[in-house]
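Okay, my_file_20.txt is below, compact mmCIF, C-alpha atoms (C1' of nucleotides):
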```txt
# COMPACT_ATOMS: atom_id res chain seq x y z
CA MET A 657 0.00 0.00 0.00
CA LEU A 658 2.79 2.39 0.93
CA GLU A 659 4.95 1.28 -1.99
CA LEU A 660 2.00 1.63 -4.34
CA ALA A 661 1.48 5.19 -3.17
CA ILE A 662 5.15 6.02 -3.67
CA LEU A 663 5.17 4.60 -7.19
CA GLY A 664 1.88 6.30 -7.95
CA PHE A 665 2.95 9.76 -6.85
CA LEU A 666 6.31 9.52 -8.59
CA CYS A 667 4.63 8.45 -11.81
CA ASP A 668 3.33 11.99 -12.23
CA VAL A 669 6.43 13.93 -11.33
CA PRO A 670 9.80 13.41 -9.59
CA LEU A 671 9.72 14.33 -5.92
CA HIS A 672 12.04 14.22 -2.96
CA GLY A 673 11.24 12.24 0.16
CA TYR A 674 9.93 15.05 2.25
CA VAL A 675 7.35 16.22 -0.27
CA LEU A 676 6.42 12.62 -0.96
CA ARG A 677 5.82 12.21 2.74
CA ARG A 678 3.41 15.13 2.76
CA HIS A 679 1.60 13.80 -0.30
CA ILE A 680 1.14 10.44 1.37
CA ALA A 681 0.05 12.07 4.61
CA ALA A 682 -2.61 13.95 2.65
CA LEU A 683 -3.79 10.79 0.90
CA THR A 684 -4.01 8.36 3.79
CA GLY A 685 -2.56 10.17 6.78
CA HIS A 686 -5.82 11.18 8.43
CA VAL A 687 -6.79 7.51 8.61
CA ARG A 688 -3.45 5.74 8.89
CA PRO A 689 -0.39 7.94 9.41
CA VAL A 690 2.92 6.75 7.98
CA ALA A 691 6.02 7.15 10.14
CA GLU A 692 9.17 8.61 8.63
CA SER A 693 11.01 5.50 9.67
CA THR A 694 8.64 3.54 7.46
CA LEU A 695 8.75 5.77 4.42
CA TYR A 696 12.48 6.14 3.97
CA PRO A 697 13.26 2.41 4.17
CA ALA A 698 10.42 1.83 1.70
CA ILE A 699 12.06 4.28 -0.69
CA LYS A 700 15.35 2.43 -0.27
CA ARG A 701 13.68 -0.91 -1.02
CA LEU A 702 12.18 0.43 -4.21
CA GLU A 703 15.45 2.02 -5.22
CA LYS A 704 17.34 -1.22 -4.54
CA ALA A 705 14.82 -3.04 -6.72
CA GLY A 706 15.61 -0.61 -9.52
CA LEU A 707 12.12 0.88 -9.53
CA LEU A 708 13.27 4.40 -8.81
CA ALA A 709 16.42 6.44 -9.16
CA ARG A 710 17.79 9.08 -6.84
CA THR A 711 19.71 12.24 -7.69
CA THR A 712 21.06 14.34 -4.88
CA GLU A 713 20.42 18.05 -5.04
CA PRO A 714 21.70 20.68 -2.64
CA GLY A 715 18.86 21.43 -0.26
CA ALA A 716 17.00 24.61 -1.13
CA VAL A 717 16.22 25.31 2.50
CA ALA A 718 17.95 22.65 4.52
CA ALA A 719 19.75 19.32 4.15
CA PRO A 720 20.51 17.97 0.65
CA ARG A 721 17.45 16.53 -1.03
CA HIS A 722 17.19 13.22 -2.77
CA VAL A 723 15.02 13.75 -5.78
CA LEU A 724 13.34 10.48 -6.71
CA THR A 725 12.43 9.56 -10.27
CA LEU A 726 10.48 6.54 -11.41
CA THR A 727 12.48 4.32 -13.75
CA GLU A 728 10.94 2.45 -16.69
CA GLU A 729 10.92 -0.69 -14.51
CA GLY A 730 9.16 1.33 -11.85
CA ARG A 731 6.53 2.41 -14.31
CA GLN A 732 5.99 -1.19 -15.38
CA GLU A 733 5.82 -2.36 -11.77
CA LEU A 734 3.22 0.30 -10.98
CA ARG A 735 1.09 -0.85 -13.90
CA ARG A 736 1.53 -4.47 -12.80
CA ARG A 737 0.47 -3.71 -9.24
CA LEU A 738 -2.53 -1.74 -10.47
CA SER A 739 -3.71 -4.31 -12.98
CA GLU A 740 -3.11 -7.33 -10.72
CA PRO A 741 -3.80 -6.12 -7.20
CA GLY A 742 -3.58 -8.62 -4.34
CA GLN A 743 -6.72 -9.77 -2.57
CA ARG A 744 -6.04 -7.39 0.32
CA GLU A 745 -6.03 -4.47 -2.13
CA ILE A 746 -9.52 -5.48 -3.24
CA THR A 747 -11.11 -6.21 0.13
CA ASP A 748 -9.54 -3.67 2.47
CA GLU A 749 -10.92 -0.20 1.89
CA ASN A 750 -7.69 1.50 2.89
CA HIS A 751 -5.75 -0.44 0.30
CA TRP A 752 -8.53 -0.18 -2.26
CA PHE A 753 -8.63 3.58 -2.04
CA THR A 754 -4.91 3.68 -2.77
CA VAL A 755 -5.49 1.58 -5.87
CA LEU A 756 -8.29 3.91 -6.96
CA ALA A 757 -6.15 6.97 -6.35
CA PHE A 758 -3.70 5.82 -9.00
CA LEU A 759 -5.81 3.64 -11.28
CA ARG A 760 -5.77 6.33 -13.94
CA HIS A 761 -2.11 5.41 -14.55
CA LEU A 762 -3.43 2.25 -16.14
CA ASP A 763 -4.17 3.70 -19.55
CA ASP A 764 -6.24 0.80 -20.86
CA PRO A 765 -9.95 1.27 -19.97
CA ALA A 766 -10.50 -2.49 -20.24
CA ALA A 767 -7.78 -3.13 -17.67
CA GLN A 768 -9.27 -0.47 -15.38
CA ALA A 769 -12.70 -2.05 -15.77
CA ALA A 770 -11.31 -5.50 -14.92
CA VAL A 771 -10.02 -4.15 -11.59
CA LEU A 772 -13.33 -2.47 -10.80
CA ARG A 773 -15.15 -5.71 -11.60
CA ARG A 774 -13.07 -7.55 -9.01
CA ARG A 775 -14.16 -5.06 -6.38
CA LEU A 776 -17.74 -5.33 -7.64
CA ALA A 777 -17.66 -9.12 -7.30
CA PHE A 778 -16.33 -8.77 -3.76
CA LEU A 779 -19.06 -6.33 -2.75
CA GLU A 780 -21.79 -8.42 -4.34
CA GLU A 781 -21.09 -11.57 -2.40
CA PRO A 782 -23.16 -11.64 0.78
CA ALA A 783 -20.95 -10.94 3.78
CA SER A 784 -21.66 -9.64 7.23
CA PHE A 785 -19.73 -8.98 10.37
CA PHE A 786 -22.06 -10.92 12.66
CA TYR A 787 -23.53 -14.34 12.17
CA ASP A 788 -26.07 -16.66 13.70
CA GLY A 789 -24.24 -19.86 12.86
CA ASP A 790 -23.73 -19.47 9.13
CA ARG A 791 -26.54 -17.04 8.52
CA PRO A 792 -25.46 -13.40 8.22
CA LEU A 793 -27.40 -11.20 10.61
CA ARG A 794 -29.12 -8.05 9.41
CA ALA A 795 -28.96 -4.79 11.29
CA GLU A 796 -32.58 -5.12 12.40
CA GLU A 797 -31.88 -8.42 14.13
CA LEU A 798 -29.26 -7.00 16.45
CA ASP A 799 -29.99 -5.71 19.94
CA ASP A 800 -26.59 -4.14 20.32
CA PRO A 801 -26.83 -0.54 19.01
CA PHE A 802 -23.08 -0.42 18.27
CA ARG A 803 -23.05 -3.57 16.21
CA ARG A 804 -26.16 -2.26 14.48
CA GLY A 805 -24.12 0.84 13.69
CA VAL A 806 -21.39 -1.22 12.07
CA LEU A 807 -23.92 -2.85 9.75
CA THR A 808 -25.72 0.40 9.03
CA ILE A 809 -22.53 2.19 8.07
CA ALA A 810 -21.16 -0.73 6.09
CA ARG A 811 -24.41 -1.00 4.17
CA ALA A 812 -24.44 2.69 3.29
CA THR A 813 -20.86 2.47 2.07
CA SER A 814 -21.56 -0.63 0.08
CA ARG A 815 -24.62 0.88 -1.58
CA ALA A 816 -22.82 4.06 -2.57
CA GLU A 817 -19.87 2.14 -3.91
CA LEU A 818 -22.01 -0.31 -5.90
CA THR A 819 -23.79 2.58 -7.58
CA TRP A 820 -20.53 4.30 -8.38
CA LEU A 821 -18.92 1.08 -9.60
CA ARG A 822 -21.78 0.29 -11.98
CA ASP A 823 -21.89 3.84 -13.33
CA THR A 824 -18.16 3.98 -13.83
CA LEU A 825 -18.01 0.56 -15.44
CA ALA A 826 -20.72 1.66 -17.84
CA SER A 827 -18.85 4.83 -18.72
CA LEU A 828 -15.70 2.78 -19.31
CA GLY A 829 -17.64 0.93 -21.99
CA ASP A 830 -17.80 -2.22 -19.92
CA VAL A 831 -20.66 -4.56 -20.76
CA ALA A 832 -22.74 -5.40 -17.68
CA ARG A 833 -23.45 -9.08 -17.12
CA MET B 569 -7.10 -4.77 16.81
CA LEU B 570 -6.56 -8.53 16.91
CA GLU B 571 -5.96 -8.51 20.64
CA LEU B 572 -9.05 -6.39 21.17
CA ALA B 573 -11.13 -8.90 19.23
CA ILE B 574 -9.76 -11.80 21.27
CA LEU B 575 -10.51 -10.05 24.55
CA GLY B 576 -13.93 -9.01 23.28
CA PHE B 577 -15.03 -12.45 22.20
CA LEU B 578 -13.73 -14.12 25.36
CA CYS B 579 -15.56 -11.59 27.51
CA ASP B 580 -18.83 -13.24 26.55
CA VAL B 581 -17.86 -16.87 26.91
CA PRO B 582 -14.69 -19.03 27.16
CA LEU B 583 -13.58 -20.39 23.80
CA HIS B 584 -10.73 -22.40 22.42
CA GLY B 585 -8.39 -21.09 19.76
CA TYR B 586 -10.01 -22.71 16.80
CA VAL B 587 -13.50 -21.37 17.45
CA LEU B 588 -12.03 -17.99 18.30
CA ARG B 589 -10.33 -18.04 14.93
CA ARG B 590 -13.63 -18.61 13.17
CA HIS B 591 -15.30 -15.86 15.16
CA ILE B 592 -12.58 -13.42 14.18
CA ALA B 593 -12.73 -14.57 10.57
CA ALA B 594 -16.46 -13.81 10.58
CA LEU B 595 -15.93 -10.38 12.12
CA THR B 596 -13.08 -9.04 10.02
CA GLY B 597 -11.98 -11.92 7.81
CA HIS B 598 -13.73 -10.83 4.62
CA VAL B 599 -11.82 -7.56 4.75
CA ARG B 600 -8.58 -8.50 6.47
CA PRO B 601 -7.97 -12.21 7.07
CA VAL B 602 -5.95 -13.21 10.12
CA ALA B 603 -3.37 -15.97 9.70
CA GLU B 604 -3.21 -18.80 12.22
CA SER B 605 0.40 -17.93 12.82
CA THR B 606 -0.75 -14.51 13.94
CA LEU B 607 -3.60 -15.61 16.17
CA TYR B 608 -1.81 -18.20 18.30
CA PRO B 609 1.15 -15.97 19.18
CA ALA B 610 -1.34 -13.23 20.05
CA ILE B 611 -3.11 -15.61 22.41
CA LYS B 612 0.23 -16.45 24.00
CA ARG B 613 1.03 -12.78 24.45
CA LEU B 614 -2.24 -12.14 26.20
CA GLU B 615 -1.82 -15.23 28.35
CA LYS B 616 1.71 -14.21 29.31
CA ALA B 617 0.36 -10.80 30.30
CA GLY B 618 -2.10 -12.53 32.62
CA LEU B 619 -5.13 -11.37 30.66
CA LEU B 620 -6.41 -14.83 29.90
CA ALA B 621 -6.05 -18.31 31.36
CA ARG B 622 -5.87 -21.60 29.52
CA THR B 623 -7.23 -24.99 30.58
CA THR B 624 -6.48 -28.00 28.42
CA GLU B 625 -9.39 -30.25 27.54
CA PRO B 626 -9.22 -33.53 25.63
CA GLY B 627 -10.21 -32.67 22.06
CA ALA B 628 -13.79 -33.57 21.25
CA VAL B 629 -12.97 -34.23 17.61
CA ALA B 630 -9.23 -33.84 17.23
CA ALA B 631 -6.18 -32.57 19.11
CA PRO B 632 -6.53 -31.40 22.72
CA ARG B 633 -8.18 -28.03 22.96
CA HIS B 634 -6.98 -25.08 24.96
CA VAL B 635 -10.03 -23.44 26.38
CA LEU B 636 -9.34 -19.77 26.96
CA THR B 637 -10.96 -17.78 29.74
CA LEU B 638 -10.69 -14.08 30.38
CA THR B 639 -9.18 -13.26 33.76
CA GLU B 640 -10.27 -10.33 35.88
CA GLU B 641 -7.19 -8.44 34.63
CA GLY B 642 -8.25 -9.31 31.10
CA ARG B 643 -11.69 -7.88 31.72
CA GLN B 644 -10.17 -4.69 33.09
CA GLU B 645 -7.79 -4.46 30.15
CA LEU B 646 -10.68 -4.87 27.71
CA ARG B 647 -12.57 -2.06 29.39
CA ARG B 648 -9.44 0.07 29.37
CA ARG B 649 -8.85 -0.51 25.67
CA LEU B 650 -12.48 0.25 24.90
CA SER B 651 -12.71 3.39 26.98
CA GLU B 652 -9.31 4.78 25.94
CA PRO B 653 -8.79 3.65 22.35
CA GLY B 654 -5.66 4.75 20.54
CA GLN B 655 -5.90 7.29 17.75
CA ARG B 656 -5.64 4.52 15.13
CA GLU B 657 -8.72 2.86 16.63
CA ILE B 658 -10.65 6.09 16.10
CA THR B 659 -9.48 6.98 12.60
CA ASP B 660 -9.08 3.63 10.85
CA GLU B 661 -12.45 2.13 10.01
CA ASN B 662 -11.18 -1.42 10.37
CA HIS B 663 -10.04 -0.76 13.90
CA TRP B 664 -13.05 1.38 14.69
CA PHE B 665 -15.47 -1.35 13.71
CA THR B 666 -13.71 -3.70 16.11
CA VAL B 667 -14.15 -1.17 18.88
CA LEU B 668 -17.85 -0.83 18.00
CA ALA B 669 -18.30 -4.60 17.91
CA PHE B 670 -17.39 -4.81 21.58
CA LEU B 671 -18.30 -1.38 22.93
CA ARG B 672 -21.31 -2.85 24.72
CA HIS B 673 -18.85 -4.45 27.17
CA LEU B 674 -18.33 -0.94 28.51
CA ASP B 675 -21.34 -0.85 30.77
CA ASP B 676 -21.32 2.88 31.46
CA PRO B 677 -23.35 4.77 28.81
CA ALA B 678 -21.37 7.94 29.51
CA ALA B 679 -18.12 6.11 28.76
CA GLN B 680 -19.62 4.69 25.57
CA ALA B 681 -20.79 8.15 24.55
CA ALA B 682 -17.32 9.59 25.18
CA VAL B 683 -15.83 7.11 22.72
CA LEU B 684 -18.49 7.88 20.11
CA ARG B 685 -17.83 11.59 20.56
CA ARG B 686 -14.17 11.08 19.73
CA ARG B 687 -15.15 9.45 16.45
CA LEU B 688 -17.67 12.22 15.84
CA ALA B 689 -14.99 14.86 16.34
CA PHE B 690 -12.72 13.04 13.90
CA LEU B 691 -15.43 12.83 11.24
CA GLU B 692 -16.43 16.45 11.69
CA GLU B 693 -13.03 17.92 11.01
CA PRO B 694 -12.64 18.69 7.33
CA ALA B 695 -10.38 16.13 5.67
CA SER B 696 -9.97 14.96 2.14
CA PHE B 697 -7.75 12.61 0.25
CA PHE B 698 -6.74 15.09 -2.41
CA TYR B 699 -5.61 18.65 -2.03
CA ASP B 700 -4.83 21.70 -4.07
CA GLY B 701 -2.10 23.00 -1.82
CA ASP B 702 -3.84 23.11 1.54
CA ARG B 703 -7.36 23.32 0.20
CA PRO B 704 -9.24 19.99 0.23
CA LEU B 705 -10.67 19.18 -3.18
CA ARG B 706 -14.31 18.25 -3.62
CA ALA B 707 -15.43 15.36 -5.82
CA GLU B 708 -16.79 17.75 -8.43
CA GLU B 709 -13.41 19.39 -8.91
CA LEU B 710 -11.68 16.17 -9.92
CA ASP B 711 -11.28 15.01 -13.50
CA ASP B 712 -10.13 11.56 -12.51
CA PRO B 713 -13.25 9.34 -12.22
CA PHE B 714 -11.49 6.96 -9.81
CA ARG B 715 -10.42 9.66 -7.42
CA ARG B 716 -13.91 11.08 -7.69
CA GLY B 717 -15.11 7.62 -6.64
CA VAL B 718 -12.96 7.69 -3.54
CA LEU B 719 -14.50 10.99 -2.46
CA THR B 720 -18.03 9.93 -3.37
CA ILE B 721 -17.79 6.72 -1.36
CA ALA B 722 -16.04 8.35 1.57
CA ARG B 723 -18.68 11.07 1.68
CA ALA B 724 -21.54 8.56 1.68
CA THR B 725 -19.88 6.62 4.50
CA SER B 726 -19.24 9.75 6.47
CA ARG B 727 -22.82 10.96 6.09
CA ALA B 728 -24.31 7.65 7.18
CA GLU B 729 -21.99 7.41 10.13
CA LEU B 730 -22.60 10.98 11.29
CA THR B 731 -26.34 10.36 11.28
CA TRP B 732 -25.93 7.15 13.20
CA LEU B 733 -23.50 8.70 15.66
CA ARG B 734 -25.79 11.61 16.47
CA ASP B 735 -28.81 9.35 16.86
CA THR B 736 -26.97 6.92 19.06
CA LEU B 737 -25.43 9.64 21.18
CA ALA B 738 -28.89 11.08 21.71
CA SER B 739 -30.29 7.71 22.74
CA LEU B 740 -27.41 7.27 25.16
CA GLY B 741 -28.63 10.42 26.90
CA ASP B 742 -25.68 12.42 25.70
CA VAL B 743 -26.17 16.16 25.53
CA ALA B 744 -25.33 17.54 22.10
CA ARG B 745 -23.05 20.52 22.03
C1' DG C 1394 -8.24 -49.67 3.44
C1' DC C 1395 -6.94 -45.09 1.61
C1' DG C 1396 -7.05 -40.45 0.69
C1' DC C 1397 -8.87 -36.15 2.05
C1' DA C 1398 -10.99 -32.63 4.65
C1' DA C 1399 -11.74 -30.66 9.05
C1' DT C 1400 -10.22 -30.05 13.64
C1' DA C 1401 -6.56 -28.10 16.68
C1' DC C 1402 -2.28 -26.21 17.59
C1' DA C 1403 2.93 -25.02 17.10
C1' DT C 1404 7.33 -23.31 15.06
C1' DC C 1405 10.31 -20.50 12.23
C1' DG C 1406 12.53 -17.24 9.21
C1' DG C 1407 11.75 -13.04 6.81
C1' DT C 1408 10.11 -8.58 6.73
C1' DG C 1409 7.30 -4.46 7.24
C1' DT C 1410 6.23 -1.06 10.67
C1' DC C 1411 6.82 1.80 14.57
C1' DG C 1412 8.71 4.94 18.22
C1' DA C 1413 12.58 7.30 19.68
C1' DA C 1414 16.45 9.51 18.90
C1' DG C 1415 20.08 11.64 16.14
C1' DT C 1416 22.24 14.81 12.44
C1' DA C 1417 22.29 18.97 9.95
C1' DT C 1418 20.77 23.48 7.88
C1' DG C 1419 18.17 27.74 7.34
C1' DG C 1420 14.67 31.08 8.72
C1' DT C 1421 11.86 33.52 12.32
C1' DG C 1422 10.71 35.62 16.72
C1' DC C 1423 12.39 38.02 20.72
C1' DG D 321 22.58 36.34 19.95
C1' DC D 322 19.77 32.46 21.06
C1' DA D 323 15.95 29.53 21.17
C1' DC D 324 12.86 27.34 18.27
C1' DC D 325 10.62 25.52 14.37
C1' DA D 326 10.56 23.61 9.61
C1' DT D 327 13.11 21.17 6.37
C1' DA D 328 15.38 16.72 5.12
C1' DC D 329 17.04 12.38 6.01
C1' DT D 330 19.17 8.36 8.93
C1' DT D 331 19.77 4.73 12.36
C1' DC D 332 18.28 1.39 15.67
C1' DG D 333 15.88 -1.95 18.45
C1' DA D 334 11.53 -4.07 19.25
C1' DC D 335 7.88 -6.61 17.57
C1' DA D 336 3.63 -7.86 15.13
C1' DC D 337 2.48 -10.22 11.13
C1' DC D 338 2.81 -13.52 7.43
C1' DG D 339 3.56 -17.82 4.62
C1' DA D 340 5.19 -22.24 4.85
C1' DT D 341 5.55 -26.27 7.15
C1' DG D 342 4.86 -29.72 10.70
C1' DT D 343 2.19 -32.70 14.01
C1' DA D 344 -1.76 -35.31 15.39
C1' DT D 345 -6.63 -36.93 15.49
C1' DT D 346 -11.35 -37.89 13.83
C1' DG D 347 -14.75 -38.74 10.32
C1' DC D 348 -16.34 -39.17 5.56
C1' DG D 349 -16.58 -40.90 0.84
C1' DC D 350 -15.32 -44.54 -2.28
```
Turn the structure described in the file into structure tokens.
Amino acid sequence: MLELAILGFLCDVPLHGYVLRRHIAALTGHVRPVAESTLYPAIKRLEKAGLLARTTEPGAVAAPRHVLTLTEEGRQELRRRLSEPGQREITDENHWFTVLAFLRHLDDPAAQAAVLRRRLAFLEEPASFFYDGDRPLRAEELDDPFRRGVLTIARATSRAELTWLRDTLASLGDVAR
Amino acid sequence: MLELAILGFLCDVPLHGYVLRRHIAALTGHVRPVAESTLYPAIKRLEKAGLLARTTEPGAVAAPRHVLTLTEEGRQELRRRLSEPGQREITDENHWFTVLAFLRHLDDPAAQAAVLRRRLAFLEEPASFFYDGDRPLRAEELDDPFRRGVLTIARATSRAELTWLRDTLASLGDVAR
DNA sequence: GCGCAATACATCGGTGTCGAAGTATGGTGC
DNA sequence: GCACCATACTTCGACACCGATGTATTGCGC
């Protein structure tokens, strides 16, 4: 998720670590802050893997800055991660939103639609948080107001996302089935 | 989050690891599966900390089962974690839902309301995923349909949750301010 | 009688993440 | 002139988490 965000931001324009950090903080920071000591090693990993290159510039205001540029391999890897996301990227909203934030970098509408369809399939299968044996419980069946809240909120999210997914798939020229 | 779920489930009734695993899978598994090799060490941690006790029973169907019971310290720790959740528990929906799933174990309505108010405060402060400088961008201002989706979905979730939060706070006898 | 799934738990190496602290520079307030 | 903050990046130890693999038992289908 973090690596995807790094690749995604650098795909637009070269950045140095500090600005990248602020970009990532804006994207996911209010929900899940990223520590500096997580970001910089992640950058190193990606650099070591040849996905991004670093050129040192004298710091405009402070310490020397490492301007990071996505390599061609990095660009390919970004497209690979976007077109073949892991299951966690599909099911976990935090990860999913990161995929969505950069999905435009996948220039093939069919490939974009394929990713959206995976999320659609996930949302369409009946799943709950609370069960009576194997039977998913509906909000109305719960006494607990807090658990009822979970289902109420999840349902609202799901509904909004299903609508958006179907609309967007249609506008991508995807044939509904 | 995992530890909270373990404590929460065991607060109701003693369970052995395998059943606990299925309970947790039902609660959060469709979004974020928990590996066996994560659950059992977590159980050991909690046991070592004196939060739960283990009694070995001959397995009804297979290997001997370790029936886990929450100790009095465990019960206190659960209440502590519920009444003073970390910031991540408030901001990250995955964690927040786990808190909500067990918030009823906090028997004081005022304490429950205090937790809900923290989430309310978080949702009420203006935050986006995408910015133009410091100014949060609205869905309508985005060209990217996928980023627009993120904002659309997040807004729907936020709206539903705010409604639910205010209703529930009112029914808990909490005075709106 | 054999394979296979489900039950039930344990171990282990690799790695991602975090908190805390450290280094260094330049600008601002007092 | 000095503290303090923002910029910009690094190092380190601790540890939660994961995938793979192992062990053992019971019950089912064929």
Quiz item: Counting only C-alpha atoms (C1' of nucleotides), which residues of chain C come no farther than 12 Å from chain A, as a ChimeraX atom specification?
Solution: /C:1408-1414,1416-1420
Quiz item: Within 8 Å of chain A, which residues of chain D show up when using only C-alpha atoms (C1' of nucleotides), listed as an MDAnalysis selection string?
Solution: chainID D and resid 327:329
Exercise. For chain A, list the residues within 8 Å of chain B, counting only C-alpha atoms, and write the list as a ChimeraX atom specification.
Key: /A:682-684,686-688,744,747-749,753,756-760,783-787,800-803,805-806,808-810,812-813,816-817,820,824
Quiz item: Could you work out how far atom CA of A:Arg737 lies from atom CA of A:Gly706, giving the answer in Å with one decimal?
Solution: 15.5 Å
Practice problem: Mind checking which residues fall within 12 Å of D:DT341, counting only C-alpha atoms (C1' of nucleotides), ignoring those fewer than 2 positions away in the same chain, and posting them as a list in words? | Solution: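 Using only C-alpha atoms (C1' of nucleotides), the neighbours found are Ser605 of chain B; DA1403, DT1404, DC1405 and DG1406 of chain C; DG339 and DT343 of chain D.
Taking atom CA of A:His751 and atom CA of A:Arg775 as endpoints, the distance between them is 11.7 Å.
Atom CA of A:Thr725 is found 4.7 Å from atom CA of A:Pro670.
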Around all of stretch 1396-1408 of chain C's listed atoms, make the axis-aligned box with 6 Å on each side and tell me centre and edge lengths in Å to one decimal, as AutoDock Vina command-line options.
```
--center_x 0.4 --center_y -24.5 --center_z 9.1 --size_x 36.3 --size_y 43.9 --size_z 28.9
```
Exercise. Just the residues within 8 Å of A:Leu707, please, counting all atoms listed in the file, with nothing from its chain fewer than 6 positions along; format it as a list in words.
Key: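 Once the nearby chain positions are removed, what remains is Leu726, Thr727, Glu728, Glu729, Gly730, Arg731 and Glu733 of chain A.
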Could you save those same residues with C-alpha atoms as a PDB file, keeping the file's coordinate frame?
```pdb
ATOM      1  CA  LEU A 726      10.480   6.540 -11.410  1.00  0.00           C
ATOM      2  CA  THR A 727      12.480   4.320 -13.750  1.00  0.00           C
ATOM      3  CA  GLU A 728      10.940   2.450 -16.690  1.00  0.00           C
ATOM      4  CA  GLU A 729      10.920  -0.690 -14.510  1.00  0.00           C
ATOM      5  CA  GLY A 730       9.160   1.330 -11.850  1.00  0.00           C
ATOM      6  CA  ARG A 731       6.530   2.410 -14.310  1.00  0.00           C
ATOM      7  CA  GLU A 733       5.820  -2.360 -11.770  1.00  0.00           C
TER       8      GLU A 733
END
```
